[in-house]
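Shown below: coords10.txt, with compact mmCIF, C-alpha atoms.
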# COMPACT_ATOMS: atom_id res chain seq x y z
CA MET V 1 6.93 -0.27 5.95
CA LEU V 2 8.96 -1.60 3.10
CA PRO V 3 7.16 -4.28 1.02
CA PHE V 4 9.91 -6.84 1.41
CA LEU V 5 9.50 -6.70 5.18
CA ARG V 6 5.79 -7.47 5.09
CA THR V 7 6.48 -11.19 4.90
CA MET V 8 8.66 -10.90 8.01
CA ARG V 9 5.86 -9.28 9.98
CA VAL V 10 4.33 -11.83 12.33
CA LEU V 11 2.37 -9.53 14.64
CA SER V 12 -1.09 -10.84 15.39
CA LEU V 13 -4.00 -8.42 15.51
CA ALA V 14 -4.18 -8.88 19.25
CA GLY V 15 -0.50 -8.12 19.65
CA ALA V 16 -0.77 -5.08 17.40
CA ALA V 17 -3.73 -3.82 19.40
CA ILE V 18 -1.77 -4.14 22.66
CA ALA V 19 1.26 -2.39 21.20
CA ALA V 20 -0.90 0.39 19.80
CA SER V 21 -2.64 0.79 23.16
CA SER V 22 0.69 1.28 24.94
CA LEU V 23 1.74 3.87 22.40
CA VAL V 24 -1.50 5.78 22.76
CA HIS V 25 -1.08 5.82 26.54
CA ALA V 26 2.35 7.38 26.09
CA GLN V 27 0.95 9.92 23.65
CA THR V 28 -1.79 10.84 26.12
CA LEU V 29 0.83 11.61 28.77
CA GLN V 30 2.89 13.67 26.33
CA ASN V 31 -0.06 15.56 24.82
CA PRO V 32 -2.27 16.88 27.63
CA ALA V 33 -5.71 18.12 26.80
CA GLN V 34 -5.86 21.41 24.95
CA PRO V 35 -6.27 24.49 27.11
CA ALA V 36 -9.73 25.97 27.21
CA LYS V 37 -10.39 28.79 24.81
CA PRO V 38 -9.98 32.24 26.36
CA PRO V 39 -13.29 33.91 27.21
CA ALA V 40 -14.61 36.34 24.62
CA ALA V 41 -13.42 39.88 25.21
CA THR V 42 -16.05 42.17 26.72
CA THR V 43 -16.20 45.93 26.45
CA PRO V 44 -15.35 47.44 29.88
CA ALA V 45 -17.87 49.79 31.41
CA PRO V 46 -16.71 53.45 31.44
CA ALA V 47 -15.43 54.66 34.79
CA GLN V 48 -17.70 57.12 36.61
CA ALA V 49 -16.53 60.74 36.40
CA PRO V 50 -16.19 62.57 39.72
CA ALA V 51 -19.09 64.84 40.67
CA GLN V 52 -18.66 68.43 39.45
CA THR V 53 -19.39 71.52 41.50
CA PRO V 54 -21.88 74.08 40.22
CA THR V 55 -18.97 76.50 39.68
CA GLN V 56 -17.15 74.01 37.47
CA GLN V 57 -20.30 73.40 35.48
CA THR V 58 -20.63 77.12 34.91
CA GLN V 59 -17.01 77.74 33.95
CA LYS V 60 -16.49 74.70 31.66
CA PRO V 61 -19.15 73.08 29.51
CA ALA V 62 -19.46 69.34 29.75
CA GLN V 63 -17.63 67.45 27.02
CA ALA V 64 -19.41 64.84 24.86
CA PRO V 65 -18.44 61.31 25.89
CA THR V 66 -15.77 59.74 23.69
CA ALA V 67 -16.97 56.60 21.86
CA GLN V 68 -14.90 53.57 22.76
CA ALA V 69 -13.46 51.43 19.91
CA PRO V 70 -14.85 47.90 19.94
CA ALA V 71 -12.46 45.25 21.24
CA ALA V 72 -10.64 43.33 18.51
CA ALA V 73 -11.95 39.82 17.94
CA PRO V 74 -9.45 37.11 19.02
CA ALA V 75 -7.58 35.38 16.18
CA PRO V 76 -8.94 31.90 15.43
CA ALA V 77 -6.93 29.17 17.09
CA ALA V 78 -4.74 27.06 14.78
CA PRO V 79 -6.04 23.52 14.33
CA PRO V 80 -4.21 20.99 16.53
CA LYS V 81 -1.42 19.05 14.86
CA ASP V 82 -2.72 15.78 16.25
CA PRO V 83 -6.47 16.21 16.74
CA VAL V 84 -8.58 13.99 18.95
CA VAL V 85 -10.94 12.04 16.66
CA ALA V 86 -12.85 10.13 19.36
CA THR V 87 -12.92 9.41 23.08
CA VAL V 88 -13.68 6.14 24.84
CA ASN V 89 -14.79 6.62 28.43
CA GLY V 90 -12.90 9.90 28.40
CA GLN V 91 -9.69 8.43 26.93
CA PRO V 92 -8.74 10.25 23.70
CA ILE V 93 -7.99 8.62 20.37
CA THR V 94 -5.79 10.85 18.22
CA LEU V 95 -5.35 10.99 14.47
CA SER V 96 -1.76 9.79 14.75
CA GLU V 97 -2.98 6.59 16.40
CA LEU V 98 -5.14 5.86 13.37
CA GLU V 99 -2.12 6.44 11.12
CA ILE V 100 -0.23 3.80 13.11
CA ALA V 101 -3.20 1.42 13.04
CA GLN V 102 -3.46 1.78 9.26
CA GLN V 103 -0.05 0.11 8.93
CA THR V 104 -1.48 -3.08 10.51
CA LEU V 105 -4.09 -3.40 7.73
CA PRO V 106 -3.68 -5.67 4.67
CA PRO V 107 -1.18 -4.29 2.10
CA GLN V 108 -3.80 -2.92 -0.28
CA TYR V 109 -5.09 -0.55 2.43
CA ARG V 110 -1.79 0.72 3.82
CA ASN V 111 -0.96 3.27 1.13
CA VAL V 112 -4.46 4.59 0.38
CA PRO V 113 -5.38 8.04 1.76
CA LEU V 114 -6.34 7.78 5.42
CA GLN V 115 -9.74 9.38 4.79
CA THR V 116 -10.64 6.40 2.58
CA VAL V 117 -10.51 3.97 5.52
CA PHE V 118 -11.09 6.49 8.32
CA PRO V 119 -14.64 5.49 9.42
CA ALA V 120 -13.99 1.73 9.51
CA LEU V 121 -10.52 2.16 11.01
CA LEU V 122 -11.85 4.42 13.75
CA GLU V 123 -14.42 1.77 14.73
CA ARG V 124 -11.65 -0.83 14.82
CA VAL V 125 -9.49 1.31 17.12
CA ILE V 126 -12.48 2.05 19.40
CA SER V 127 -13.15 -1.70 19.69
CA SER V 128 -9.46 -2.26 20.43
CA LYS V 129 -9.55 0.34 23.20
CA LEU V 130 -12.54 -1.33 24.84
CA VAL V 131 -10.88 -4.76 24.75
CA VAL V 132 -7.58 -3.40 26.12
CA VAL V 133 -9.29 -1.58 28.98
CA ASP V 134 -11.26 -4.70 29.90
CA ALA V 135 -8.09 -6.81 29.79
CA LYS V 136 -6.25 -4.40 32.07
CA LYS V 137 -9.14 -4.42 34.54
CA ASN V 138 -8.66 -8.18 34.74
CA LYS V 139 -4.89 -7.83 35.40
CA VAL V 140 -3.78 -9.34 32.10
CA GLU V 141 -0.29 -7.89 32.64
CA THR V 142 0.29 -10.35 35.50
CA ASP V 143 -0.37 -13.43 33.33
CA PRO V 144 2.97 -15.22 32.59
CA ALA V 145 1.73 -16.25 29.13
CA PHE V 146 0.92 -12.62 28.36
CA LYS V 147 4.36 -11.48 29.46
CA LYS V 148 6.03 -13.98 27.11
CA ARG V 149 3.83 -12.95 24.22
CA MET V 150 4.39 -9.27 24.91
CA ALA V 151 8.15 -9.80 24.94
CA TYR V 152 7.87 -11.57 21.57
CA VAL V 153 5.75 -8.74 20.16
CA GLU V 154 8.28 -6.18 21.35
CA GLU V 155 11.08 -8.05 19.59
CA GLN V 156 9.09 -8.15 16.36
CA VAL V 157 8.39 -4.40 16.53
CA ILE V 158 12.07 -3.69 17.17
CA GLN V 159 13.09 -5.95 14.26
CA ASP V 160 10.57 -4.40 11.92
CA TYR V 161 11.47 -0.83 12.86
CA TRP V 162 15.24 -1.32 12.82
CA LEU V 163 15.42 -3.22 9.54
CA THR V 164 13.14 -0.70 7.84
CA LYS V 165 15.25 2.19 9.09
CA GLU V 166 18.62 0.67 8.21
CA ILE V 167 17.64 -0.77 4.83
CA SER V 168 15.96 2.48 3.77
CA LYS V 169 19.37 4.16 4.00
CA LEU V 170 20.75 1.73 1.43
CA ILE V 171 17.93 1.93 -1.12
CA THR V 172 18.47 5.41 -2.55
CA ASP V 173 16.90 6.82 -5.71
CA ALA V 174 20.31 6.86 -7.40
CA LYS V 175 20.91 3.16 -6.68
CA MET V 176 17.42 2.28 -7.86
CA GLN V 177 18.05 4.13 -11.11
CA GLU V 178 21.28 2.15 -11.60
CA ARG V 179 19.42 -1.11 -11.02
CA TYR V 180 16.73 0.00 -13.49
CA LYS V 181 19.35 0.58 -16.21
CA GLU V 182 20.85 -2.85 -15.54
CA LYS V 183 17.42 -4.46 -15.85
CA LEU V 184 16.76 -2.79 -19.19
CA LYS V 185 19.93 -4.38 -20.59
CA SER V 186 18.55 -7.84 -19.77
CA MET V 187 15.13 -7.11 -21.29
CA PRO V 188 15.20 -7.75 -25.04
CA ALA V 189 12.71 -5.76 -27.08
CA GLU V 190 9.47 -7.61 -27.74
CA GLU V 191 7.10 -7.20 -30.64
CA GLU V 192 3.53 -6.13 -30.05
CA VAL V 193 0.47 -6.01 -32.26
CA HIS V 194 -2.60 -3.83 -32.06
CA ALA V 195 -5.57 -5.93 -33.15
CA ARG V 196 -9.34 -6.17 -33.20
CA HIS V 197 -11.45 -9.31 -33.12
CA ILE V 198 -15.01 -10.55 -33.41
CA LEU V 199 -15.83 -13.64 -31.34
CA VAL V 200 -18.76 -15.92 -32.22
CA ALA V 201 -19.90 -19.39 -31.19
CA THR V 202 -19.73 -21.26 -34.52
CA GLU V 203 -17.41 -21.46 -37.48
CA GLN V 204 -20.24 -20.68 -39.92
CA GLU V 205 -21.04 -17.43 -38.09
CA ALA V 206 -17.37 -16.44 -38.38
CA LYS V 207 -17.36 -17.25 -42.13
CA ASP V 208 -20.49 -15.14 -42.65
CA ILE V 209 -18.82 -12.22 -40.86
CA LEU V 210 -15.70 -12.58 -43.02
CA ALA V 211 -17.91 -12.43 -46.11
CA GLU V 212 -19.58 -9.23 -44.90
CA LEU V 213 -16.21 -7.65 -44.14
CA LYS V 214 -14.97 -8.43 -47.63
CA LYS V 215 -18.05 -6.66 -48.99
CA GLY V 216 -16.95 -3.51 -47.17
CA THR V 217 -18.95 -3.60 -43.91
CA ALA V 218 -17.03 -1.77 -41.16
CA PHE V 219 -15.25 -4.08 -38.71
CA ASP V 220 -16.21 -2.04 -35.63
CA LYS V 221 -19.88 -2.06 -36.66
CA LEU V 222 -20.01 -5.87 -36.90
CA ALA V 223 -18.04 -6.23 -33.65
CA LYS V 224 -20.58 -4.13 -31.76
CA GLU V 225 -23.50 -6.03 -33.28
CA LYS V 226 -22.31 -9.65 -33.29
CA SER V 227 -19.30 -10.26 -31.03
CA THR V 228 -20.00 -12.36 -27.95
CA ASP V 229 -17.03 -10.63 -26.29
CA LYS V 230 -19.12 -7.72 -25.09
CA ALA V 231 -16.24 -5.83 -23.47
CA SER V 232 -14.16 -5.52 -26.63
CA GLY V 233 -17.29 -5.51 -28.80
CA ALA V 234 -18.39 -2.23 -27.24
CA GLU V 235 -15.05 -0.80 -28.41
CA GLY V 236 -15.47 -2.09 -31.96
CA GLY V 237 -13.53 -5.27 -31.16
CA ASP V 238 -10.42 -3.31 -30.11
CA LEU V 239 -8.00 -5.34 -27.96
CA GLY V 240 -5.28 -2.67 -27.81
CA TRP V 241 -1.59 -3.54 -27.88
CA PHE V 242 -0.51 -6.98 -26.66
CA LYS V 243 2.52 -9.27 -26.70
CA ARG V 244 2.56 -12.83 -27.99
CA THR V 245 2.43 -14.25 -24.47
CA ASP V 246 -0.58 -12.13 -23.50
CA MET V 247 -3.06 -14.22 -25.51
CA VAL V 248 -3.79 -17.94 -25.94
CA LYS V 249 -1.41 -19.59 -28.41
CA GLU V 250 -3.86 -20.12 -31.28
CA PHE V 251 -4.94 -16.47 -31.20
CA SER V 252 -1.39 -15.10 -30.86
CA ASP V 253 -0.03 -17.28 -33.67
CA ALA V 254 -2.73 -16.02 -36.04
CA ALA V 255 -2.41 -12.36 -35.02
CA PHE V 256 1.39 -12.25 -35.19
CA ASN V 257 1.33 -13.87 -38.65
CA LEU V 258 -0.74 -11.00 -40.07
CA LYS V 259 0.70 -7.77 -41.44
CA LYS V 260 -0.54 -4.30 -40.62
CA GLY V 261 -4.08 -3.88 -41.99
CA GLU V 262 -4.57 -7.59 -42.80
CA LEU V 263 -7.62 -9.68 -41.90
CA SER V 264 -7.53 -13.36 -40.99
CA GLU V 265 -8.55 -15.38 -44.06
CA THR V 266 -10.30 -18.11 -42.06
CA PRO V 267 -11.92 -18.27 -38.61
CA ILE V 268 -9.46 -18.86 -35.76
CA LYS V 269 -10.64 -21.46 -33.26
CA THR V 270 -9.73 -21.18 -29.56
CA GLN V 271 -11.24 -22.46 -26.33
CA PHE V 272 -13.52 -19.39 -26.37
CA GLY V 273 -15.05 -19.91 -29.80
CA PHE V 274 -14.26 -18.71 -33.32
CA HIS V 275 -12.46 -15.41 -33.96
CA VAL V 276 -12.17 -13.06 -36.90
CA ILE V 277 -8.98 -11.03 -36.41
CA LYS V 278 -7.79 -7.77 -37.94
CA VAL V 279 -4.30 -6.36 -37.19
CA GLU V 280 -4.30 -2.57 -36.98
CA ASP V 281 -0.57 -2.06 -36.38
CA ARG V 282 2.70 -3.63 -35.23
CA ARG V 283 5.62 -2.26 -33.24
CA GLN V 284 8.55 -3.01 -30.94
CA ALA V 285 7.22 -2.77 -27.42
CA PRO V 286 8.60 0.24 -25.52
CA PRO V 287 10.70 -0.70 -22.45
CA PRO V 288 8.94 -0.49 -19.09
CA THR V 289 9.33 2.86 -17.35
CA PHE V 290 11.17 3.35 -14.09
CA GLU V 291 7.84 3.99 -12.35
CA GLU V 292 6.50 0.65 -13.60
CA LEU V 293 9.50 -1.26 -12.21
CA SER V 294 10.27 0.83 -9.12
CA GLU V 295 8.28 -1.32 -6.67
CA GLN V 296 9.82 -4.53 -8.04
CA ILE V 297 13.30 -2.98 -7.84
CA ARG V 298 12.72 -1.76 -4.27
CA GLU V 299 11.61 -5.22 -3.12
CA GLU V 300 14.50 -6.91 -4.91
CA MET V 301 17.11 -4.56 -3.44
CA GLY V 302 15.45 -4.82 -0.04
CA ARG V 303 15.68 -8.62 0.01
CA GLU V 304 19.34 -8.43 -0.99
CA ALA V 305 20.10 -5.82 1.69
CA VAL V 306 18.33 -7.80 4.42
CA GLY V 307 20.17 -10.97 3.40
CA HIS V 308 23.52 -9.17 3.45
CA MET V 309 22.79 -7.58 6.84
CA LEU V 310 21.77 -10.92 8.38
CA ASP V 311 24.87 -12.61 6.96
CA GLN V 312 27.06 -10.00 8.64
CA LEU V 313 25.23 -10.28 11.96
CA ARG V 314 25.51 -14.07 11.91
CA ALA V 315 29.21 -13.96 11.01
CA ASN V 316 29.91 -11.80 14.08
CA ALA V 317 27.76 -13.83 16.49
CA LYS V 318 28.30 -17.05 18.40
CA ILE V 319 25.29 -19.25 17.66
CA GLU V 320 24.62 -22.63 19.29
CA LYS V 321 21.72 -24.88 18.32
CA PHE V 322 20.17 -27.67 20.39
CA ASN V 323 17.61 -30.42 19.94
CA MET V 324 13.93 -29.81 20.69
CA ASP V 325 14.40 -31.26 24.19
CA GLY V 326 17.30 -28.91 24.86
CA SER V 327 19.97 -31.59 24.59
CA LYS V 328 23.17 -31.02 22.68
CA ILE V 329 23.20 -32.01 19.06
CA GLU V 330 25.68 -34.83 18.59
CA ALA V 331 27.89 -34.64 15.54
CA LYS V 332 27.09 -37.35 13.06
CA PRO V 333 30.00 -39.70 12.27
CA ALA V 334 31.43 -39.27 8.83
CA THR V 335 30.16 -41.85 6.36
CA PRO V 336 33.09 -43.96 5.12
CA PRO V 337 33.58 -43.97 1.36
CA ALA V 338 32.00 -46.90 -0.40
CA THR V 339 34.40 -49.72 -1.31
CA PRO V 340 34.52 -50.05 -5.08
CA ALA V 341 33.42 -53.41 -6.47
CA PRO V 342 36.32 -55.59 -7.67
CA ALA V 343 36.89 -55.54 -11.38
CA ALA V 344 35.66 -58.58 -13.28
CA PRO V 345 38.48 -60.92 -14.29
CA PRO V 346 39.37 -60.79 -17.97
CA LYS V 347 37.84 -63.53 -20.07

Transcribe the structure of this file into structure tokens.
Amino acid sequence: MLPFLRTMRVLSLAGAAIAASSLVHAQTLQNPAQPAKPPAATTPAPAQAPAQTPTQQTQKPAQAPTAQAPAAAPAPAAPPKDPVVATVNGQPITLSELEIAQQTLPPQYRNVPLQTVFPALLERVISSKLVVVDAKKNKVETDPAFKKRMAYVEEQVIQDYWLTKEISKLITDAKMQERYKEKLKSMPAEEEVHARHILVATEQEAKDILAELKKGTAFDKLAKEKSTDKASGAEGGDLGWFKRTDMVKEFSDAAFNLKKGELSETPIKTQFGFHVIKVEDRRQAPPPTFEELSEQIREEMGREAVGHMLDQLRANAKIEKFNMDGSKIEAKPATPPATPAPAAPPK
């Protein structure tokens, strides 16, 4: 399902379970149980030779029996395309049903490999089966409220499926590449710095570290020993490349005012403590790659395509709206223009 359609998806878990159950029932009818494996081949017993007369035995010596070749082993059956992964009271649950159920999970679980969520998802589908069977035993299909909800669910599934199918035709790789090139034109190059820092609690500690650095002590050694930022300290204080907006203002201002290889002359105070900063390098940030922007571009183009499609459908439809009680909305009378105040008489 396209990301931009996720916000339009209003299926409840109960509704999704019911829809999935119906689909599984259809699959069960279309995919009957696999035929039983053929029995293993057995070597047939040799037929009995007719009895020979004494004359025949004298005239022709008996021949040695011919050894029979063993029967060829049957070729292993190909694995089923849609294997049964569980049964509930004899009703099969197939792998394809779990693939459908995965699309009802939160977004972060929809695109992960199925085997990652397989055990938990299988338990969820088994529970769903049990609930659906129990509901059917109690004639839920005859409940008028259920019928209304089921009709609503069906409309949502149709909307979701149709929009996804139609919009996917419009969002081609070529069009996404064109949009990517347009985006790059509107993205001015930004400067980045590659810096290290040592963070301590007091200004005096920072001054003592600056003194040691000026004596020639290695920056990464002091960062590992004394920085309270343990994550960067373990890397010798290395913060990697960052833009001005990536850090708090006081830190960014100090870092971007230093040249390559320079060390901050005084401790830099921020909300986190006191920093000693060293700039390793500077550069113009490379533009984001197509892969980095592809999801954003797909969502953006999807929203535009859905909006355009809905505009066309509305333009070709006759739509009437009514009040909450079903009564006709009365047109509001036009508000007459305000009468301008008379001008003050000249003095």

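Once only C-alpha atoms are considered, the residues situated within 10 Å of the file point (10.2, -3.1, -17.4) turn out to be Tyr180, Lys181, Lys183, Leu184, Ser186, Met187, Pro286, Pro287, Pro288, Thr289, Phe290, Glu291, Glu292, Leu293, Ser294 and Gln296 of chain V.
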
*Name the residues in contact with Pro267 in chain V at a cut-off of 8 Å, using all atoms listed in the file, excluding same-chain residues fewer than 4 positions from it; report them as a list in words.*
Glu203, Ala206, Lys207, Phe274, His275 and Val276 of chain V

Can I get the selected residues back with C-alpha atoms, as a PDB file, keeping the file's coordinate frame?
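Output (again_38.pdb):
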ATOM      1  CA  GLU V 203     -17.410 -21.460 -37.480  1.00  0.00           C
ATOM      2  CA  ALA V 206     -17.370 -16.440 -38.380  1.00  0.00           C
ATOM      3  CA  LYS V 207     -17.360 -17.250 -42.130  1.00  0.00           C
ATOM      4  CA  PHE V 274     -14.260 -18.710 -33.320  1.00  0.00           C
ATOM      5  CA  HIS V 275     -12.460 -15.410 -33.960  1.00  0.00           C
ATOM      6  CA  VAL V 276     -12.170 -13.060 -36.900  1.00  0.00           C
TER       7      VAL V 276
END

Just want the 12 Å neighbourhood of Pro113 in chain V, counted on only C-alpha atoms, with same-chain residues fewer than 4 positions away dropped. Output as a PDB file with C-alpha atoms, keeping the file's coordinate frame.
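For reference, around07.pdb as written:
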ATOM      1  CA  LEU V  98      -5.140   5.860  13.370  1.00  0.00           C
ATOM      2  CA  GLU V  99      -2.120   6.440  11.120  1.00  0.00           C
ATOM      3  CA  GLN V 102      -3.460   1.780   9.260  1.00  0.00           C
ATOM      4  CA  GLN V 103      -0.050   0.110   8.930  1.00  0.00           C
ATOM      5  CA  GLN V 108      -3.800  -2.920  -0.280  1.00  0.00           C
ATOM      6  CA  TYR V 109      -5.090  -0.550   2.430  1.00  0.00           C
ATOM      7  CA  VAL V 117     -10.510   3.970   5.520  1.00  0.00           C
ATOM      8  CA  PHE V 118     -11.090   6.490   8.320  1.00  0.00           C
TER       9      PHE V 118
END

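For the residues V:Arg244, V:Lys259, V:Lys129, V:Arg124, ranking by smallest atom-to-atom distance to Thr87 in chain V using all atoms listed in the file places V:Lys129 first.
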
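Take CA of Phe219 in chain V and CA of Thr245 in chain V: the distance between them is 24.9 Å.
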
*Could you check how far CA of Pro119 in chain V sits from CA of Ala135 in chain V, in Å to one decimal?*
24.7 Å

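Comparing the minimum interatomic distances between Lys269 in chain V and each of V:Phe251, V:Phe256, V:Phe146, V:Trp241, counting all atoms listed in the file, we find that V:Phe251 sits nearest.
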
*If I put a ball of radius 7 Å at (-5.0, 12.9, 19.7) in the file's coordinates, which residues poke into it when counting only C-alpha atoms, written as a ChimeraX atom specification?*
/V:82-85,92-96

*Between CA of Arg283 in chain V and CA of Val200 in chain V, what is the distance, to one decimal in Å?*
28.0 Å
